[in-house]
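Structure data follow from structure-v6.tsv (TSV, C-alpha atoms and all ligand atoms):
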```tsv
chain	number	residue	atom	x	y	z
A	162	MET	CA	-51.27	-5.66	84.68
A	163	THR	CA	-53.02	-2.80	82.83
A	164	LYS	CA	-56.49	-3.54	81.51
A	165	PRO	CA	-56.92	-3.50	77.71
A	166	ILE	CA	-58.49	-0.79	75.60
A	167	PHE	CA	-61.66	-2.20	74.04
A	168	ILE	CA	-62.20	-1.03	70.43
A	169	LEU	CA	-65.73	-2.00	69.45
A	170	ASN	CA	-67.15	-1.74	65.94
A	171	GLY	CA	-70.79	-2.00	64.94
A	172	PRO	CA	-72.80	-3.18	61.96
A	173	ASN	CA	-71.42	-3.38	58.44
A	174	LEU	CA	-67.95	-2.18	59.38
A	175	ASN	CA	-66.66	-5.69	58.55
A	176	ARG	CA	-67.30	-4.64	54.92
A	177	LEU	CA	-65.16	-1.50	55.17
A	178	GLY	CA	-62.97	-0.89	52.12
A	179	THR	CA	-65.34	-2.66	49.74
A	180	ARG	CA	-67.75	0.17	48.82
A	181	GLU	CA	-68.35	3.93	49.09
A	182	PRO	CA	-64.62	4.74	49.15
A	183	HIS	CA	-65.46	8.44	48.66
A	184	ILE	CA	-67.06	8.40	52.15
A	185	TYR	CA	-65.22	5.64	54.03
A	186	GLY	CA	-61.90	5.28	52.17
A	187	THR	CA	-60.29	2.03	51.05
A	188	THR	CA	-58.77	0.91	54.35
A	189	THR	CA	-60.17	-2.37	55.67
A	190	LEU	CA	-61.09	-3.05	59.30
A	191	ALA	CA	-58.12	-5.45	59.54
A	192	ASP	CA	-55.84	-2.57	58.41
A	193	ILE	CA	-57.41	-0.35	61.08
A	194	GLU	CA	-56.82	-2.97	63.78
A	195	ALA	CA	-53.13	-3.09	62.80
A	196	MET	CA	-52.97	0.74	62.91
A	197	CYS	CA	-54.44	0.74	66.43
A	198	ARG	CA	-52.00	-1.87	67.72
A	199	ALA	CA	-49.04	0.00	66.18
A	200	ALA	CA	-50.22	3.26	67.81
A	201	VAL	CA	-49.77	1.91	71.36
A	202	PRO	CA	-47.26	-0.96	71.26
A	203	GLY	CA	-47.06	-1.13	75.06
A	204	LEU	CA	-50.81	-1.41	75.66
A	205	ALA	CA	-53.24	-4.28	75.19
A	206	VAL	CA	-55.87	-3.68	72.53
A	207	ASP	CA	-59.01	-5.84	72.26
A	208	PHE	CA	-60.44	-5.10	68.79
A	209	ARG	CA	-63.88	-6.48	67.84
A	210	GLN	CA	-66.70	-6.09	65.31
A	211	THR	CA	-70.30	-7.29	65.39
A	212	ASN	CA	-73.44	-6.78	63.36
A	213	SER	CA	-75.60	-7.48	66.42
A	214	GLU	CA	-76.87	-4.75	68.78
A	215	GLY	CA	-77.19	-7.25	71.64
A	216	GLU	CA	-73.61	-8.42	71.25
A	217	LEU	CA	-72.39	-4.81	71.28
A	218	VAL	CA	-74.33	-4.23	74.54
A	219	GLU	CA	-72.81	-7.40	76.02
A	220	TRP	CA	-69.29	-6.28	75.07
A	221	VAL	CA	-69.86	-2.90	76.75
A	222	GLN	CA	-71.06	-4.73	79.87
A	223	GLU	CA	-67.91	-6.90	79.68
A	224	ALA	CA	-65.85	-3.68	79.45
A	225	ILE	CA	-67.23	-2.54	82.82
A	226	GLU	CA	-65.17	-5.29	84.47
A	227	LYS	CA	-62.33	-5.81	82.03
A	228	ALA	CA	-61.45	-2.63	80.07
A	229	ALA	CA	-59.52	0.52	80.97
A	230	ALA	CA	-61.23	2.48	78.18
A	231	VAL	CA	-63.70	1.99	75.34
A	232	ILE	CA	-63.38	3.31	71.80
A	233	ILE	CA	-66.58	2.61	69.92
A	234	ASN	CA	-67.75	3.07	66.36
A	235	PRO	CA	-71.39	2.07	66.87
A	236	ALA	CA	-72.17	2.72	63.17
A	237	ALA	CA	-75.96	2.80	62.62
A	238	TYR	CA	-76.68	1.90	66.28
A	239	SER	CA	-75.37	5.37	67.21
A	240	PHE	CA	-78.63	6.82	65.96
A	241	THR	CA	-81.07	4.22	67.25
A	242	SER	CA	-79.82	2.39	70.34
A	243	ILE	CA	-80.88	3.56	73.79
A	244	ALA	CA	-79.82	0.08	75.00
A	245	LEU	CA	-76.25	0.83	73.94
A	246	LEU	CA	-76.43	4.27	75.59
A	247	ASP	CA	-77.65	2.71	78.85
A	248	ALA	CA	-74.80	0.18	78.81
A	249	LEU	CA	-72.18	2.85	78.10
A	250	LYS	CA	-73.49	4.98	80.98
A	251	MET	CA	-72.49	2.14	83.33
A	252	PHE	CA	-68.85	2.26	82.18
A	253	SER	CA	-66.80	4.59	84.38
A	254	GLY	CA	-63.62	4.93	82.27
A	255	PRO	CA	-62.98	7.08	79.18
A	256	ILE	CA	-65.26	6.47	76.19
A	257	VAL	CA	-64.43	7.76	72.71
A	258	GLU	CA	-67.19	7.61	70.11
A	259	LEU	CA	-65.59	7.39	66.69
A	260	HIS	CA	-66.93	7.82	63.16
A	261	ILE	CA	-64.82	7.52	60.04
A	262	SER	CA	-66.99	10.03	58.20
A	263	ASN	CA	-68.14	13.44	59.41
A	264	ILE	CA	-71.69	12.44	60.35
A	265	HIS	CA	-72.70	16.11	60.69
A	266	ARG	CA	-72.05	16.78	57.00
A	267	ARG	CA	-74.33	13.93	56.01
A	268	GLU	CA	-78.10	13.33	55.89
A	269	ALA	CA	-80.18	14.50	58.88
A	270	HIS	CA	-80.73	10.97	60.24
A	271	TYR	CA	-76.97	10.78	60.96
A	272	HIS	CA	-76.94	13.97	63.04
A	273	HIS	CA	-78.21	12.77	66.42
A	274	SER	CA	-76.16	10.11	68.18
A	275	TYR	CA	-77.50	8.65	71.44
A	276	VAL	CA	-73.99	7.35	72.15
A	277	SER	CA	-72.63	10.92	72.29
A	278	LEU	CA	-74.64	11.40	75.51
A	279	ALA	CA	-72.29	8.93	77.25
A	280	ALA	CA	-69.05	9.74	75.39
A	281	THR	CA	-66.06	11.49	76.92
A	282	ALA	CA	-65.08	12.64	73.42
A	283	VAL	CA	-66.26	12.26	69.83
A	284	ILE	CA	-64.05	11.93	66.76
A	285	ALA	CA	-65.70	12.16	63.33
A	286	GLY	CA	-64.44	12.83	59.84
A	287	LEU	CA	-60.75	11.93	60.14
A	288	GLY	CA	-61.14	8.72	58.15
A	289	ALA	CA	-59.36	5.57	59.32
A	290	ASN	CA	-56.70	7.76	60.95
A	291	GLY	CA	-59.26	8.68	63.60
A	292	TYR	CA	-58.76	5.24	65.16
A	293	PRO	CA	-55.03	5.49	66.03
A	294	MET	CA	-55.64	9.09	67.11
A	295	ALA	CA	-58.38	7.90	69.47
A	296	VAL	CA	-56.11	5.17	70.83
A	297	ARG	CA	-53.31	7.65	71.52
A	298	ALA	CA	-55.76	10.09	73.13
A	299	VAL	CA	-57.12	7.37	75.41
A	300	ALA	CA	-53.58	6.25	76.31
A	301	ALA	CA	-52.76	9.85	77.31
A	302	ILE	CA	-55.91	10.09	79.45
A	303	LEU	CA	-55.10	6.78	81.18
A	304	GLU	CA	-51.51	7.92	81.75
A	305	SER	CA	-52.68	11.20	83.28
A	306	VAL	CA	-54.92	9.45	85.83
A	307	ALA	CA	-52.43	6.64	86.66
B	401	LIG	O1	-68.50	7.06	59.57
B	401	LIG	C1	-68.66	6.08	60.30
B	401	LIG	O2	-67.73	5.47	60.85
B	401	LIG	C2	-70.07	5.52	60.51
B	401	LIG	O3	-70.20	5.16	61.90
B	401	LIG	C3	-70.25	4.33	59.62
B	401	LIG	C4	-71.66	3.75	59.62
B	401	LIG	C5	-72.71	4.81	59.39
B	401	LIG	O4	-74.00	4.26	59.63
B	401	LIG	C6	-72.51	5.98	60.30
B	401	LIG	O5	-73.41	6.96	59.95
B	401	LIG	C7	-71.11	6.56	60.21
B	401	LIG	C8	-71.91	2.67	58.60
B	401	LIG	C9	-70.76	1.96	58.04
B	401	LIG	C10	-71.13	1.29	56.76
B	401	LIG	O6	-70.22	0.29	56.53
B	401	LIG	C11	-69.55	0.25	55.36
B	401	LIG	C12	-69.49	-0.96	54.75
B	401	LIG	C13	-68.78	-1.11	53.58
B	401	LIG	C14	-68.15	-0.02	53.03
B	401	LIG	C15	-68.22	1.19	53.63
B	401	LIG	C16	-68.94	1.32	54.81
```

Turn the structure described in the file into structure tokens.
Ligand code: CA2
Amino acid sequence: MTKPIFILNGPNLNRLGTREPHIYGTTTLADIEAMCRAAVPGLAVDFRQTNSEGELVEWVQEAIEKAAAVIINPAAYSFTSIALLDALKMFSGPIVELHISNIHRREAHYHHSYVSLAATAVIAGLGANGYPMAVRAVAAILESVA
């Protein structure tokens, strides 16, 4: 059986759709999960969110054994967490770093992501639609190496 795609979401993304719609849109994280599942009906998707850096690190470590690919929106931990970078470096499959907003158009503290140093690809600025696009991209990569 094919391993699932882990889709991991970091701090505050559980509140998506409730504020700053001009930056993040009005789609909720539950809506995004449904969009991801619909994008790859034949594949298993394990969709999670946490506000804890340690839990995110533990989920990446879990992915090393259990996941075919990781799509991660690390939110604020992108810009601060060498622990998350170190964990991602241990994962040998495709990693897509995803941001709803275009972090490079925003304030300077959003411009340097540690996670990008471990990512196969980075998607930023496509809104919630970036998630199903990332899922389809990862499915194509997995198909090409199968
Ligand atoms: O654009 C993204 O997806 C971000 O990763 C979102 C992070 C932010 O720190 C990154 O710079 C870019 C934060 C998400 C804030 O969560 C929200 C909560 C409620 C409403 C809107 C956003």

Residues within 7 Å of ligand LIG 401 (chain B), counting all atoms listed in the file: report them as a compact mmCIF listing (two decimals) with C-alpha atoms, in the frame of the given file.
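Saved result, result10.txt, follows:
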```txt
# COMPACT_ATOMS: atom_id res chain seq x y z
CA PRO A 172 -72.80 -3.18 61.96
CA ASN A 173 -71.42 -3.38 58.44
CA LEU A 174 -67.95 -2.18 59.38
CA ASN A 175 -66.66 -5.69 58.55
CA ARG A 176 -67.30 -4.64 54.92
CA LEU A 177 -65.16 -1.50 55.17
CA GLY A 178 -62.97 -0.89 52.12
CA THR A 179 -65.34 -2.66 49.74
CA ARG A 180 -67.75 0.17 48.82
CA GLU A 181 -68.35 3.93 49.09
CA PRO A 182 -64.62 4.74 49.15
CA TYR A 185 -65.22 5.64 54.03
CA ASN A 234 -67.75 3.07 66.36
CA PRO A 235 -71.39 2.07 66.87
CA ALA A 236 -72.17 2.72 63.17
CA ALA A 237 -75.96 2.80 62.62
CA LEU A 259 -65.59 7.39 66.69
CA HIS A 260 -66.93 7.82 63.16
CA ILE A 261 -64.82 7.52 60.04
CA SER A 262 -66.99 10.03 58.20
CA ASN A 263 -68.14 13.44 59.41
CA ILE A 264 -71.69 12.44 60.35
CA TYR A 271 -76.97 10.78 60.96
CA ALA A 285 -65.70 12.16 63.33
```

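Distances from A:Asp192, A:His273, A:Phe208, A:Cys197 to Pro293 (chain A) were compared using only C-alpha atoms, and the smallest one belongs to A:Cys197.
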
Could you list as an mmCIF file with C-alpha atoms, in the coordinates of the input every residue that has an atom within 7 Å of (-59.2, 4.8, 78.8), using the file's coordinates and counting all atoms listed in the file?
```cif
data_model
loop_
_atom_site.group_PDB
_atom_site.id
_atom_site.type_symbol
_atom_site.label_atom_id
_atom_site.label_comp_id
_atom_site.auth_asym_id
_atom_site.auth_seq_id
_atom_site.Cartn_x
_atom_site.Cartn_y
_atom_site.Cartn_z
ATOM 1 C CA ILE A 166 -58.490 -0.790 75.600
ATOM 2 C CA ALA A 229 -59.520 0.520 80.970
ATOM 3 C CA ALA A 230 -61.230 2.480 78.180
ATOM 4 C CA VAL A 231 -63.700 1.990 75.340
ATOM 5 C CA GLY A 254 -63.620 4.930 82.270
ATOM 6 C CA PRO A 255 -62.980 7.080 79.180
ATOM 7 C CA ILE A 256 -65.260 6.470 76.190
ATOM 8 C CA VAL A 299 -57.120 7.370 75.410
ATOM 9 C CA ALA A 300 -53.580 6.250 76.310
ATOM 10 C CA ILE A 302 -55.910 10.090 79.450
ATOM 11 C CA LEU A 303 -55.100 6.780 81.180
#
```

Pick from A:Met196, A:Ala224, A:Ile184, A:Val218: nearest to Lys164 (chain A), with all atoms listed in the file counted?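 Smallest separation from Lys164 (chain A) among the options: A:Ala224.
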
Grab the CA of Tyr275 (chain A) to CA of His183 (chain A) distance for me, in Å with one decimal place.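 Value for the CA of Tyr275 (chain A)-CA of His183 (chain A) distance: 25.8 Å.
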
How many Å lie between CA of Glu226 (chain A) and CA of Pro165 (chain A), rounded to one decimal?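 Computing the Euclidean distance for CA of Glu226 (chain A) and CA of Pro165 (chain A) yields 10.8 Å.
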
Give the answer as one residue: which of A:Asn290, A:Thr163, A:Gln210, A:Arg266 has the shortest atom-to-atom distance to Thr188 (chain A), using all atoms listed in the file?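 Among the listed residues, A:Asn290 lies closest to Thr188 (chain A).
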
Select, from A:Leu278, A:Leu204, A:Met251, A:Ile168, the residue with the minimum atom-to-atom distance to Leu190 (chain A), counting only C-alpha atoms. A:Ile168

So how far away is CA of Gly186 (chain A) from CA of Gly288 (chain A), in Å? 6.9 Å

Return the single residue from A:Gln222, A:Ser305, A:Ser277, A:Thr211 that is closest to Ser242 (chain A), with distances computed using only C-alpha atoms.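 Looking at the shortest contact to Ser242 (chain A), the residue is A:Ser277.
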
Which one of A:Tyr292, A:Tyr238, A:Trp220, A:Phe252 sits closest to Gly171 (chain A) if you count only C-alpha atoms? A:Tyr238

Model the absent atoms of region 192-213 of chain A so that N, CA and C atoms are present, and write the result as a PDB file, in the frame of the given file.
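And here's rebuild.pdb as it stands now:
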```pdb
ATOM      1  N   ASP A 192     -56.899  -3.606  58.469  1.00  0.00           N
ATOM      2  CA  ASP A 192     -55.840  -2.570  58.410  1.00  0.00           C
ATOM      3  C   ASP A 192     -55.949  -1.650  59.629  1.00  0.00           C
ATOM      4  N   ILE A 193     -57.204  -1.273  59.957  1.00  0.00           N
ATOM      5  CA  ILE A 193     -57.410  -0.350  61.080  1.00  0.00           C
ATOM      6  C   ILE A 193     -56.974  -0.991  62.393  1.00  0.00           C
ATOM      7  N   GLU A 194     -57.265  -2.277  62.559  1.00  0.00           N
ATOM      8  CA  GLU A 194     -56.820  -2.970  63.780  1.00  0.00           C
ATOM      9  C   GLU A 194     -55.298  -2.903  63.890  1.00  0.00           C
ATOM     10  N   ALA A 195     -54.599  -3.138  62.778  1.00  0.00           N
ATOM     11  CA  ALA A 195     -53.130  -3.090  62.800  1.00  0.00           C
ATOM     12  C   ALA A 195     -52.650  -1.670  63.146  1.00  0.00           C
ATOM     13  N   MET A 196     -53.335  -0.656  62.606  1.00  0.00           N
ATOM     14  CA  MET A 196     -52.970   0.740  62.910  1.00  0.00           C
ATOM     15  C   MET A 196     -53.128   1.032  64.400  1.00  0.00           C
ATOM     16  N   CYS A 197     -54.195   0.515  64.984  1.00  0.00           N
ATOM     17  CA  CYS A 197     -54.440   0.740  66.430  1.00  0.00           C
ATOM     18  C   CYS A 197     -53.362   0.080  67.273  1.00  0.00           C
ATOM     19  N   ARG A 198     -53.035  -1.155  66.930  1.00  0.00           N
ATOM     20  CA  ARG A 198     -52.000  -1.870  67.720  1.00  0.00           C
ATOM     21  C   ARG A 198     -50.651  -1.171  67.606  1.00  0.00           C
ATOM     22  N   ALA A 199     -50.325  -0.677  66.396  1.00  0.00           N
ATOM     23  CA  ALA A 199     -49.040   0.000  66.180  1.00  0.00           C
ATOM     24  C   ALA A 199     -48.986   1.332  66.933  1.00  0.00           C
ATOM     25  N   ALA A 200     -50.173   1.945  67.156  1.00  0.00           N
ATOM     26  CA  ALA A 200     -50.220   3.260  67.810  1.00  0.00           C
ATOM     27  C   ALA A 200     -49.810   3.188  69.280  1.00  0.00           C
ATOM     28  N   VAL A 201     -50.088   2.059  69.924  1.00  0.00           N
ATOM     29  CA  VAL A 201     -49.770   1.910  71.360  1.00  0.00           C
ATOM     30  C   VAL A 201     -49.137   0.545  71.612  1.00  0.00           C
ATOM     31  N   PRO A 202     -47.876   0.363  71.177  1.00  0.00           N
ATOM     32  CA  PRO A 202     -47.260  -0.960  71.260  1.00  0.00           C
ATOM     33  C   PRO A 202     -47.205  -1.527  72.681  1.00  0.00           C
ATOM     34  N   GLY A 203     -47.183  -0.640  73.675  1.00  0.00           N
ATOM     35  CA  GLY A 203     -47.060  -1.130  75.060  1.00  0.00           C
ATOM     36  C   GLY A 203     -48.394  -1.473  75.708  1.00  0.00           C
ATOM     37  N   LEU A 204     -49.496  -1.206  75.038  1.00  0.00           N
ATOM     38  CA  LEU A 204     -50.810  -1.410  75.660  1.00  0.00           C
ATOM     39  C   LEU A 204     -51.567  -2.548  74.983  1.00  0.00           C
ATOM     40  N   ALA A 205     -52.415  -3.206  75.750  1.00  0.00           N
ATOM     41  CA  ALA A 205     -53.240  -4.280  75.190  1.00  0.00           C
ATOM     42  C   ALA A 205     -54.475  -3.680  74.520  1.00  0.00           C
ATOM     43  N   VAL A 206     -54.721  -4.155  73.303  1.00  0.00           N
ATOM     44  CA  VAL A 206     -55.870  -3.680  72.530  1.00  0.00           C
ATOM     45  C   VAL A 206     -56.759  -4.892  72.233  1.00  0.00           C
ATOM     46  N   ASP A 207     -58.038  -4.765  72.563  1.00  0.00           N
ATOM     47  CA  ASP A 207     -59.010  -5.840  72.260  1.00  0.00           C
ATOM     48  C   ASP A 207     -59.948  -5.277  71.199  1.00  0.00           C
ATOM     49  N   PHE A 208     -59.761  -5.701  69.947  1.00  0.00           N
ATOM     50  CA  PHE A 208     -60.440  -5.100  68.790  1.00  0.00           C
ATOM     51  C   PHE A 208     -61.514  -6.056  68.289  1.00  0.00           C
ATOM     52  N   ARG A 209     -62.764  -5.587  68.204  1.00  0.00           N
ATOM     53  CA  ARG A 209     -63.880  -6.480  67.840  1.00  0.00           C
ATOM     54  C   ARG A 209     -64.869  -5.783  66.901  1.00  0.00           C
ATOM     55  N   GLN A 210     -65.609  -6.596  66.154  1.00  0.00           N
ATOM     56  CA  GLN A 210     -66.700  -6.090  65.310  1.00  0.00           C
ATOM     57  C   GLN A 210     -67.885  -7.037  65.402  1.00  0.00           C
ATOM     58  N   THR A 211     -69.093  -6.470  65.425  1.00  0.00           N
ATOM     59  CA  THR A 211     -70.300  -7.290  65.390  1.00  0.00           C
ATOM     60  C   THR A 211     -71.388  -6.569  64.599  1.00  0.00           C
ATOM     61  N   ASN A 212     -72.272  -7.360  64.010  1.00  0.00           N
ATOM     62  CA  ASN A 212     -73.440  -6.780  63.360  1.00  0.00           C
ATOM     63  C   ASN A 212     -74.652  -6.788  64.287  1.00  0.00           C
ATOM     64  N   SER A 213     -74.478  -7.289  65.500  1.00  0.00           N
ATOM     65  CA  SER A 213     -75.600  -7.480  66.420  1.00  0.00           C
ATOM     66  C   SER A 213     -75.605  -6.412  67.534  1.00  0.00           C
TER      67      SER A 213
END
```
